[in-house]
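Trainee: Below you'll find final-v1.cif; it's mmCIF, C-alpha atoms and all ligand atoms.
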data_query
#
loop_
_atom_site.label_atom_id
_atom_site.label_comp_id
_atom_site.auth_asym_id
_atom_site.auth_seq_id
_atom_site.Cartn_x
_atom_site.Cartn_y
_atom_site.Cartn_z
CA MET A 1177 -25.60 -156.46 99.53
CA GLN A 1178 -28.68 -154.51 98.73
CA ARG A 1179 -29.96 -154.95 95.17
CA ARG A 1180 -31.16 -151.81 93.54
CA LYS A 1181 -34.70 -152.10 92.29
CA GLU A 1182 -34.74 -151.67 88.53
CA LYS A 1183 -36.93 -148.81 87.48
CA ILE A 1184 -39.27 -149.56 84.64
CA ILE A 1185 -39.59 -146.60 82.32
CA LYS A 1186 -42.98 -146.30 80.71
CA ILE A 1187 -42.95 -144.64 77.31
CA LYS A 1188 -46.04 -142.88 76.05
CA THR A 1189 -46.55 -142.60 72.34
CA SER A 1190 -49.17 -142.92 69.67
CA GLY A 1191 -49.56 -144.91 66.50
CA GLN A 1192 -51.91 -146.59 64.07
CA ILE A 1193 -53.43 -150.03 64.42
CA ILE A 1194 -52.50 -151.93 61.26
CA LYS A 1195 -53.75 -155.37 62.26
CA GLY A 1196 -55.73 -157.11 64.97
CA VAL A 1197 -55.91 -160.83 65.61
CA GLY A 1198 -57.53 -162.41 68.64
CA GLY A 1199 -57.40 -159.28 70.79
CA VAL A 1200 -53.74 -158.55 69.98
CA TYR A 1201 -53.22 -155.41 67.93
CA THR A 1202 -50.22 -154.51 65.84
CA VAL A 1203 -49.50 -150.82 66.10
CA VAL A 1204 -47.00 -148.82 64.07
CA THR A 1205 -45.87 -146.01 66.34
CA GLN A 1206 -45.14 -142.48 65.18
CA GLU A 1207 -41.46 -143.34 65.62
CA GLY A 1208 -41.93 -146.10 63.04
CA ASN A 1209 -41.70 -149.07 65.40
CA THR A 1210 -44.04 -152.02 65.09
CA VAL A 1211 -45.33 -153.15 68.49
CA LYS A 1212 -47.84 -155.70 69.72
CA CYS A 1213 -50.44 -154.07 71.94
CA TYR A 1214 -53.33 -155.02 74.18
CA PRO A 1215 -56.25 -152.71 74.83
CA ARG A 1216 -57.00 -151.39 78.33
CA GLY A 1217 -60.01 -153.06 79.88
CA LYS A 1218 -62.31 -150.08 79.52
CA LEU A 1219 -61.57 -149.91 75.80
CA LYS A 1220 -62.67 -153.49 75.36
CA ALA A 1221 -65.89 -152.68 77.18
CA ASN A 1222 -66.60 -149.69 74.95
CA GLY A 1223 -66.64 -151.69 71.77
CA GLU A 1224 -64.06 -152.95 69.39
CA LEU A 1225 -61.10 -151.16 67.99
CA PHE A 1226 -60.98 -150.54 64.28
CA ILE A 1227 -58.05 -151.32 62.02
CA GLY A 1228 -56.77 -147.88 61.10
CA ASP A 1229 -57.48 -146.34 64.51
CA ILE A 1230 -54.98 -143.82 65.80
CA VAL A 1231 -54.31 -144.82 69.39
CA ASP A 1232 -52.37 -143.56 72.37
CA ILE A 1233 -50.25 -146.27 73.85
CA VAL A 1234 -47.98 -146.87 76.78
CA LEU A 1235 -44.99 -149.08 76.22
CA ASP A 1236 -44.31 -151.00 79.35
CA LYS A 1237 -43.25 -154.61 79.26
CA GLU A 1238 -45.88 -154.82 76.56
CA GLY A 1239 -47.82 -152.18 74.64
CA ILE A 1240 -51.09 -151.04 76.18
CA ILE A 1241 -53.65 -149.13 74.15
CA GLU A 1242 -54.90 -146.37 76.43
CA SER A 1243 -57.30 -144.48 74.21
CA VAL A 1244 -58.52 -144.02 70.65
CA ARG A 1245 -58.36 -140.68 68.86
CA PRO A 1246 -61.59 -139.55 67.16
CA ARG A 1247 -62.06 -141.32 63.85
CA LYS A 1248 -61.98 -139.26 60.66
CA THR A 1249 -63.89 -141.91 58.75
CA GLN A 1250 -65.13 -145.40 59.55
CA LEU A 1251 -66.79 -148.34 57.92
CA VAL A 1252 -68.35 -151.27 59.69
CA ARG A 1253 -67.80 -153.53 56.72
CA PRO A 1254 -64.93 -153.73 56.19
CA PHE A 1255 -64.06 -152.82 59.76
CA VAL A 1256 -61.65 -150.01 58.90
CA SER A 1257 -61.22 -146.43 60.05
CA ASN A 1258 -59.55 -143.18 59.04
CA MET A 1259 -59.15 -144.11 55.37
CA ASP A 1260 -59.11 -141.37 52.71
CA CYS A 1261 -60.69 -143.47 50.00
CA ILE A 1262 -62.57 -146.72 49.43
CA VAL A 1263 -61.39 -148.79 46.51
CA ILE A 1264 -64.26 -151.02 45.46
CA VAL A 1265 -62.90 -154.06 43.66
CA LEU A 1266 -65.00 -156.23 41.38
CA ALA A 1267 -64.33 -158.68 38.57
CA PRO A 1268 -66.08 -160.73 35.87
CA LEU A 1269 -65.76 -163.71 38.24
CA PRO A 1270 -67.23 -163.99 40.88
CA LYS A 1271 -70.28 -162.49 39.22
CA PRO A 1272 -70.44 -158.81 40.18
CA ASP A 1273 -73.00 -157.83 42.78
CA MET A 1274 -73.93 -154.27 41.85
CA MET A 1275 -76.19 -153.86 44.89
CA LEU A 1276 -73.12 -154.41 47.02
CA VAL A 1277 -71.33 -151.70 45.01
CA ASP A 1278 -74.30 -149.35 45.57
CA LYS A 1279 -74.10 -149.98 49.31
CA LEU A 1280 -70.35 -149.46 49.44
CA ILE A 1281 -70.81 -146.16 47.61
CA ILE A 1282 -73.40 -145.17 50.23
CA GLY A 1283 -70.78 -145.93 52.90
CA ALA A 1284 -68.23 -143.77 51.09
CA ILE A 1285 -70.63 -140.85 50.75
CA GLU A 1286 -71.68 -141.18 54.40
CA ASN A 1287 -68.00 -140.75 55.27
CA GLY A 1288 -67.55 -137.85 52.87
CA ILE A 1289 -64.98 -139.67 50.79
CA ALA A 1290 -64.78 -140.45 47.11
CA PRO A 1291 -65.15 -144.06 46.01
CA LEU A 1292 -62.87 -145.51 43.37
CA ILE A 1293 -64.04 -148.56 41.45
CA CYS A 1294 -61.48 -151.05 40.11
CA VAL A 1295 -62.69 -153.63 37.65
CA ASN A 1296 -60.07 -156.35 38.13
CA LYS A 1297 -59.31 -159.43 35.99
CA ALA A 1298 -59.45 -157.37 32.80
CA ASP A 1299 -57.60 -160.28 31.17
CA MET A 1300 -60.65 -162.54 31.63
CA GLN A 1301 -63.37 -163.26 29.15
CA GLY A 1302 -66.43 -161.15 29.87
CA ALA A 1303 -64.42 -158.27 31.33
CA ASP A 1304 -65.52 -155.85 28.58
CA LYS A 1305 -69.18 -156.38 29.44
CA VAL A 1306 -68.55 -155.79 33.14
CA VAL A 1307 -66.63 -152.59 32.37
CA GLU A 1308 -69.51 -151.45 30.17
CA ASP A 1309 -72.05 -152.11 32.94
CA VAL A 1310 -69.93 -150.40 35.59
CA VAL A 1311 -69.39 -147.32 33.43
CA ASN A 1312 -73.10 -147.23 32.61
CA ASP A 1313 -74.11 -147.35 36.29
CA TYR A 1314 -71.37 -145.42 38.06
CA LYS A 1315 -69.71 -142.97 35.69
CA ASP A 1316 -71.25 -140.03 37.60
CA GLU A 1317 -70.56 -141.48 41.03
CA ALA A 1318 -67.02 -142.79 41.04
CA ASP A 1319 -63.68 -142.89 39.28
CA ILE A 1320 -63.41 -146.16 37.41
CA LEU A 1321 -60.20 -148.04 36.60
CA VAL A 1322 -59.79 -151.26 34.65
CA ILE A 1323 -56.98 -153.40 36.04
CA SER A 1324 -55.47 -156.86 35.99
CA THR A 1325 -53.13 -158.19 38.65
CA GLN A 1326 -52.04 -160.84 36.14
CA THR A 1327 -51.03 -158.58 33.25
CA ASN A 1328 -50.38 -155.43 35.35
CA GLN A 1329 -52.90 -153.50 33.27
CA GLY A 1330 -53.91 -150.28 35.00
CA ILE A 1331 -51.76 -150.89 38.10
CA ASN A 1332 -49.54 -147.83 37.62
CA GLU A 1333 -52.59 -145.68 37.01
CA LEU A 1334 -54.11 -146.97 40.24
CA LEU A 1335 -50.89 -146.31 42.17
CA GLU A 1336 -50.83 -142.79 40.80
CA LYS A 1337 -54.40 -142.19 41.95
CA ILE A 1338 -53.85 -143.45 45.48
CA LYS A 1339 -50.34 -142.05 45.92
CA CYS A 1340 -49.59 -141.04 49.52
CA LYS A 1341 -53.18 -141.72 50.55
CA TYR A 1342 -54.50 -144.35 52.87
CA VAL A 1343 -57.09 -146.45 51.07
CA CYS A 1344 -59.05 -149.56 51.93
CA LEU A 1345 -59.95 -152.27 49.47
CA ALA A 1346 -63.51 -153.53 49.65
CA GLY A 1347 -65.55 -156.05 47.75
CA GLN A 1348 -66.74 -159.59 47.30
CA SER A 1349 -64.55 -162.52 48.19
CA ALA A 1350 -62.17 -163.65 45.41
CA VAL A 1351 -62.30 -160.52 43.27
CA GLY A 1352 -58.54 -160.23 43.76
CA LYS A 1353 -57.95 -157.76 46.61
CA SER A 1354 -55.03 -159.68 48.11
CA SER A 1355 -53.70 -160.44 44.61
CA LEU A 1356 -53.64 -156.69 44.04
CA ILE A 1357 -51.52 -156.15 47.16
CA ASN A 1358 -49.11 -158.87 46.01
CA CYS A 1359 -48.98 -157.44 42.51
CA ILE A 1360 -48.12 -153.99 43.87
CA LEU A 1361 -45.52 -155.33 46.30
CA GLY A 1362 -44.06 -157.73 43.73
CA GLU A 1363 -44.08 -160.52 46.31
CA LYS A 1364 -46.52 -163.12 47.63
CA LYS A 1365 -47.17 -161.44 50.96
CA GLN A 1366 -50.90 -162.08 51.22
CA SER A 1367 -52.57 -165.47 50.82
CA VAL A 1368 -54.57 -165.74 47.65
CA GLY A 1369 -57.61 -167.96 47.21
CA ASP A 1370 -58.56 -170.36 44.51
CA LEU A 1371 -61.59 -169.75 42.37
CA SER A 1372 -61.73 -172.86 40.29
CA LYS A 1373 -65.25 -174.23 40.63
CA LYS A 1374 -68.03 -172.90 38.46
CA GLY A 1375 -70.43 -170.70 40.38
CA ASP A 1376 -67.83 -170.41 43.13
CA ARG A 1377 -68.27 -167.29 45.22
CA GLY A 1378 -64.84 -167.43 46.75
CA LYS A 1379 -63.72 -168.84 50.05
CA ASN A 1380 -63.02 -165.81 52.22
CA THR A 1381 -59.30 -166.36 52.07
CA THR A 1382 -58.35 -163.16 53.89
CA ARG A 1383 -59.47 -163.50 57.51
CA HIS A 1384 -57.84 -160.43 59.02
CA ILE A 1385 -57.65 -156.88 57.83
CA GLU A 1386 -54.13 -155.60 57.43
CA ILE A 1387 -52.77 -152.22 56.40
CA ILE A 1388 -49.77 -152.47 54.12
CA THR A 1389 -47.48 -149.47 53.72
CA LEU A 1390 -45.65 -148.94 50.43
CA ASP A 1391 -42.21 -147.31 50.15
CA ASP A 1392 -43.71 -143.97 49.10
CA GLY A 1393 -45.97 -143.90 52.19
CA THR A 1394 -49.16 -145.01 50.43
CA LYS A 1395 -51.19 -147.24 52.73
CA ILE A 1396 -53.54 -149.94 51.50
CA ALA A 1397 -55.81 -152.00 53.75
CA ASP A 1398 -56.38 -155.52 52.51
CA THR A 1399 -59.73 -156.59 53.87
CA CYS A 1400 -61.94 -159.65 54.18
CA GLY A 1401 -64.31 -160.16 51.30
CA PHE A 1402 -68.02 -160.46 51.92
CA ASN A 1403 -71.05 -161.32 49.90
CA LYS A 1404 -73.71 -159.64 51.99
CA LEU A 1405 -73.81 -156.15 53.40
CA GLU A 1406 -76.65 -154.74 55.50
CA LEU A 1407 -76.69 -150.97 55.83
CA PRO A 1408 -77.16 -149.42 59.26
CA LEU A 1409 -80.80 -148.57 59.84
CA PHE A 1410 -81.83 -145.07 58.80
CA GLU A 1411 -85.00 -143.30 57.76
CA PRO A 1412 -85.86 -144.34 54.19
CA SER A 1413 -86.26 -140.72 53.08
CA ARG A 1414 -82.53 -140.30 53.60
CA LEU A 1415 -81.64 -142.88 50.97
CA SER A 1416 -81.89 -140.68 47.89
CA GLY A 1417 -79.44 -138.26 49.51
CA TYR A 1418 -76.74 -140.86 48.92
CA TYR A 1419 -77.49 -140.97 45.19
CA THR A 1420 -75.65 -137.88 44.11
CA ASP A 1421 -76.24 -138.83 40.46
CA PHE A 1422 -79.97 -138.11 41.10
CA ASP A 1423 -79.28 -134.64 42.49
CA ILE A 1424 -79.49 -132.54 39.35
CA TYR A 1425 -82.95 -133.96 38.58
CA ALA A 1426 -84.34 -134.19 42.12
CA ASP A 1427 -84.87 -130.40 42.32
CA LYS A 1428 -87.44 -130.66 39.56
CA CYS A 1429 -89.65 -133.29 41.24
CA LYS A 1430 -93.19 -132.06 41.95
CA PHE A 1431 -93.13 -132.98 45.62
CA ARG A 1432 -90.57 -131.60 48.00
CA GLY A 1433 -88.78 -134.45 49.69
CA CYS A 1434 -89.75 -136.75 46.82
CA ASN A 1435 -88.38 -140.25 47.35
CA HIS A 1436 -88.45 -140.97 43.61
CA TYR A 1437 -90.33 -144.10 44.50
CA LYS A 1438 -94.12 -144.17 44.27
CA GLU A 1439 -94.60 -140.42 43.76
CA SER A 1440 -95.97 -139.03 40.53
CA ASP A 1441 -94.36 -136.24 38.51
CA CYS A 1442 -90.93 -137.39 39.56
CA ALA A 1443 -88.07 -135.86 37.59
CA VAL A 1444 -85.71 -138.67 38.60
CA LYS A 1445 -88.06 -141.28 37.13
CA LYS A 1446 -88.32 -139.15 34.01
CA ALA A 1447 -84.52 -139.00 33.77
CA VAL A 1448 -84.47 -142.80 34.01
CA GLU A 1449 -87.00 -143.08 31.16
CA GLU A 1450 -84.90 -140.71 29.07
CA GLY A 1451 -81.79 -142.80 29.73
CA LYS A 1452 -80.04 -140.03 31.69
CA ILE A 1453 -79.88 -142.16 34.83
CA ALA A 1454 -79.01 -145.86 34.42
CA LYS A 1455 -82.19 -147.91 34.66
CA SER A 1456 -80.38 -150.76 36.42
CA ARG A 1457 -79.08 -148.46 39.13
CA TYR A 1458 -82.50 -146.88 39.62
CA GLU A 1459 -84.18 -150.30 39.85
CA ARG A 1460 -81.76 -151.32 42.58
CA TYR A 1461 -82.50 -148.02 44.33
CA VAL A 1462 -86.20 -148.93 44.37
CA THR A 1463 -85.42 -152.40 45.74
CA LEU A 1464 -83.19 -150.92 48.43
CA PHE A 1465 -85.74 -148.25 49.30
CA ALA A 1466 -88.46 -150.87 49.80
CA HIS A 1467 -86.09 -152.95 51.92
CA ILE A 1468 -85.09 -150.02 54.15
CA GLU A 1469 -88.71 -148.88 54.45
CA ASN A 1470 -89.71 -152.35 55.56
CA ARG A 1471 -86.96 -152.46 58.18
CA TRP A 1472 -87.81 -148.94 59.35
CA ASN A 1473 -91.50 -149.75 59.76
CA LYS A 1474 -90.63 -152.80 61.84
CA ARG A 1475 -87.99 -151.08 63.94
CA TYR A 1476 -90.00 -151.31 67.19
CA ASP A 1477 -91.30 -154.83 66.61
N1 LIG A 1501 -57.56 -163.98 35.65
C1 LIG A 1501 -57.25 -163.28 36.73
N2 LIG A 1501 -57.37 -163.83 37.95
C2 LIG A 1501 -57.07 -163.09 39.02
C3 LIG A 1501 -56.65 -161.73 38.91
N3 LIG A 1501 -56.46 -161.25 40.16
C4 LIG A 1501 -56.75 -162.25 41.01
N4 LIG A 1501 -57.10 -163.36 40.34
C5 LIG A 1501 -57.48 -164.67 40.92
O1 LIG A 1501 -58.65 -164.51 41.74
C6 LIG A 1501 -58.65 -165.46 42.81
C7 LIG A 1501 -58.95 -164.79 44.13
O2 LIG A 1501 -57.95 -163.86 44.44
P1 LIG A 1501 -57.73 -163.24 45.91
O3 LIG A 1501 -56.66 -162.22 45.76
O4 LIG A 1501 -57.53 -164.30 46.92
O5 LIG A 1501 -59.13 -162.55 46.16
P2 LIG A 1501 -59.61 -161.68 47.43
O6 LIG A 1501 -60.47 -160.61 46.91
O7 LIG A 1501 -58.45 -161.28 48.25
O8 LIG A 1501 -60.51 -162.73 48.22
P3 LIG A 1501 -60.87 -162.75 49.80
O9 LIG A 1501 -59.62 -162.65 50.58
O10 LIG A 1501 -61.58 -164.05 49.98
O11 LIG A 1501 -61.79 -161.58 50.03
C8 LIG A 1501 -57.26 -166.13 42.76
O12 LIG A 1501 -57.43 -167.39 42.13
C9 LIG A 1501 -56.43 -165.20 41.91
O13 LIG A 1501 -55.39 -165.85 41.24
C10 LIG A 1501 -56.53 -161.17 37.60
O14 LIG A 1501 -56.19 -160.01 37.39
N5 LIG A 1501 -56.86 -161.98 36.56
MG MG A 1502 -57.94 -161.63 50.20
ZN ZN A 1503 -88.67 -137.63 42.50
#
For this file, write the structure as structure tokens.
Mentor:
Amino acid sequence: MQRRKEKIIKIKTSGQIIKGVGGVYTVVTQEGNTVKCYPRGKLKANGELFIGDIVDIVLDKEGIIESVRPRKTQLVRPFVSNMDCIVIVLAPLPKPDMMLVDKLIIGAIENGIAPLICVNKADMQGADKVVEDVVNDYKDEADILVISTQTNQGINELLEKIKCKYVCLAGQSAVGKSSLINCILGEKKQSVGDLSKKGDRGKNTTRHIEIITLDDGTKIADTCGFNKLELPLFEPSRLSGYYTDFDIYADKCKFRGCNHYKESDCAVKKAVEEGKIAKSRYERYVTLFAHIENRWNKRYD
């Protein structure tokens, strides 16, 4: 008896990568199915896939990622693409790193998206001071929310703001990004770290980025915390373009293309002296400018 050869039907579809561990990507297809996928060889050669990528896949015995659709937005740290908004999370503990916040805002502006700052752990001692500092430095740059995953303060307000969007959390390790996901879901889905030792900077509990979808369609990417962030190299004169809070003064600087750095008759510096621009933010701008200039000058070394 002749056995009929079974025909394997390949199904083409597309979907979004919601997780990637060790070269295996979890894709939610447009039909709503969750499938494990492997990238085609040429994709691996062309660089890594981002969590959030919209990909075309072929479902054979296993899912194969054939190609990546152009990315609407993308960040290298965290390694996420296509998000509508970056939610920068900080807290009284670990000690906030405002330079990191500045750099994350630069990333948001580069992608043409609005940053949202969440000061978490509002229940902790010292939270008021952190809120005061954040408002002082970023009130003209970002929406600011004060939240606590322990008391639920501000959580509904946050959910309202991000409703039906796809956002990625970003920030230092142990500020409470995964705790926020658990708080929103009402279950312990994500592992949460311990921040018990004094001076502890957190232990990088979350090792893999994962996009979590809420019942109303809102998507939140839980990401890996980091304590250092190096910006991609660019010409130092471009830096002030990312400081939109400087814009209304920059027109009045004496020199066109003023970097608000060592130049005289600088309206931005004057605004700082008059308290119209936060001194702390400007001082970090100067530090960052010098750093980028140094890297730029050594770019061929
Ligand atoms: N007091 C207080 N502690 C909180 C709050 N939210 C989170 N924590 C604590 O902060 C610590 C770190 O929380 P995680 O959620 O693991 O922090 P994370 O930002 O995800 O850290 P990484 O995954 O390492 O980037 C844990 O001990 C949490 O219990 C809060 O609102 N108030
Ligand atoms: Mg985490
Ligand atoms: Zn100037």
Trainee: Ligand LIG 1501 (chain A): which residues are within 10 Å, counting only C-alpha atoms and all ligand atoms? Reply as a ChimeraX atom specification.
Mentor: /A:1265-1270,1295-1301,1303,1322-1329,1345-1359,1366-1372,1377-1385,1398-1403
Trainee: Neighbouring residues of ligand ZN 1503 (chain A) are defined here as those with any atom at most 10 Å from a ligand atom, counting all atoms listed in the file; list them as a list in words.
Mentor: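 Written in the requested form, the residues are Ser1416, Phe1422, Asp1423, Tyr1425, Ala1426, Asp1427, Lys1428, Cys1429, Lys1430, Phe1431, Arg1432, Gly1433, Cys1434, Asn1435, His1436, Tyr1437, Lys1438, Glu1439, Ser1440, Asp1441, Cys1442, Ala1443, Val1444, Lys1445, Lys1446 and Ala1447 of chain A.
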Trainee: Deliver the residues from the most recent selection as a file, using C-alpha atoms, as a short mmCIF file (atom, residue, chain, number, x, y, z; two decimals), in the frame of the given file.
Mentor:
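The resulting file, result12.cif, is shown below:
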data_model
loop_
_atom_site.label_atom_id
_atom_site.label_comp_id
_atom_site.auth_asym_id
_atom_site.auth_seq_id
_atom_site.Cartn_x
_atom_site.Cartn_y
_atom_site.Cartn_z
CA SER A 1416 -81.89 -140.68 47.89
CA PHE A 1422 -79.97 -138.11 41.10
CA ASP A 1423 -79.28 -134.64 42.49
CA TYR A 1425 -82.95 -133.96 38.58
CA ALA A 1426 -84.34 -134.19 42.12
CA ASP A 1427 -84.87 -130.40 42.32
CA LYS A 1428 -87.44 -130.66 39.56
CA CYS A 1429 -89.65 -133.29 41.24
CA LYS A 1430 -93.19 -132.06 41.95
CA PHE A 1431 -93.13 -132.98 45.62
CA ARG A 1432 -90.57 -131.60 48.00
CA GLY A 1433 -88.78 -134.45 49.69
CA CYS A 1434 -89.75 -136.75 46.82
CA ASN A 1435 -88.38 -140.25 47.35
CA HIS A 1436 -88.45 -140.97 43.61
CA TYR A 1437 -90.33 -144.10 44.50
CA LYS A 1438 -94.12 -144.17 44.27
CA GLU A 1439 -94.60 -140.42 43.76
CA SER A 1440 -95.97 -139.03 40.53
CA ASP A 1441 -94.36 -136.24 38.51
CA CYS A 1442 -90.93 -137.39 39.56
CA ALA A 1443 -88.07 -135.86 37.59
CA VAL A 1444 -85.71 -138.67 38.60
CA LYS A 1445 -88.06 -141.28 37.13
CA LYS A 1446 -88.32 -139.15 34.01
CA ALA A 1447 -84.52 -139.00 33.77
#
Trainee: Using only C-alpha atoms and all ligand atoms, pick whichever of A:Thr1420, A:Lys1364, A:Ala1454, A:Lys1395 has the shortest atom-to-atom distance to ligand MG 1502 (chain A).
Mentor: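 Result for the nearest residue to ligand MG 1502 (chain A): A:Lys1364.
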Trainee: Restricting the calculation to all atoms listed in the file: of A:Arg1253, A:Lys1237, A:Lys1305, A:Arg1457, which residue gets closest to A:Pro1408?
Mentor: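 Nearest candidate to A:Pro1408 out of A:Arg1253, A:Lys1237, A:Lys1305, A:Arg1457: A:Arg1253.
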Trainee: One decimal, in Å: what's the spacing between atom CA of A:Gly1393 and atom CA of A:Gly1191?
Mentor: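 Result for atom CA of A:Gly1393 versus atom CA of A:Gly1191: 14.8 Å, one decimal.
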Trainee: In Å to one decimal, how far is atom CA of A:Val1203 from atom CA of A:Val1231?
Mentor: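 Answer for the atom CA of A:Val1231 to atom CA of A:Val1203 separation: 8.4 Å.
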